[in-house]
Amino acid sequence: MVLVTKVVDVGAPTIPLMSNSRGGTIMGFKSKVRKRRGNTGKGISEDEDSEEYEGQIRCDIIECGNWADKKIGGRKMAYDRAVEVWGASGVSRKVRKVSLCKPCYRTWKKEKKGEPKEWGSKGKGPLGNAPPTSTPVRSFDQP
């Protein structure tokens, strides 16, 4: 990379520009994006009405009519876990993985907050995986 100075005006100071080996100036990340978008960098104006996201996957909870696409915070969960909170009649279809929208997932998470994790370790041993069988024998404790 070569540092090139370019004289703009006789009385003005020189402006250092970044240049690559082919002689062109290197634009930064933001300027490349603005150039590609044709954006002036002022952001989205509030006058434009932004369309609400039209999803493709519906939430599988019967009372809910929201979208459960991953793009807007949707999750997939095992059918059995969803049945624990909403019951078999609360889930619209019996599939291996149930699609949940963000509010339904948060509801499930709040309901299950106090319960112990299925996969968490039960014992607190020296490695965190099992309770110690006996106290370790140290050589300097022996007579």
# chains A, B, ... in the order shown; residues from 1 in each chain; ligands from 1
$ residues_around --residues "segment 93-100 of chain A" --least-positions-apart "2" --cutoff "9 Å" --atoms "only C-alpha atoms" --output "number ranges by chain"
A: 57-61, 66-69, 73-80, 82, 88, 91, 102-105
$ select_by_dssp --residues "segment 55-126 of chain A" --states "strand (DSSP E)" --output "PyMOL selection string"
chain A and resi 75-78+97-100
$ write_last_selection --atoms "C-alpha atoms" --output "PDB file, in the first residue's frame"
ATOM      1  CA  ARG A  75     -37.265 -20.772  17.972  1.00  0.00           C
ATOM      2  CA  LYS A  76     -37.812 -24.485  17.467  1.00  0.00           C
ATOM      3  CA  MET A  77     -38.388 -26.694  20.473  1.00  0.00           C
ATOM      4  CA  ALA A  78     -39.103 -30.338  21.167  1.00  0.00           C
ATOM      5  CA  LYS A  97     -39.970 -29.861  16.627  1.00  0.00           C
ATOM      6  CA  VAL A  98     -42.522 -27.172  17.405  1.00  0.00           C
ATOM      7  CA  SER A  99     -42.034 -23.643  16.036  1.00  0.00           C
ATOM      8  CA  LEU A 100     -42.413 -20.871  18.603  1.00  0.00           C
TER       9      LEU A 100
END
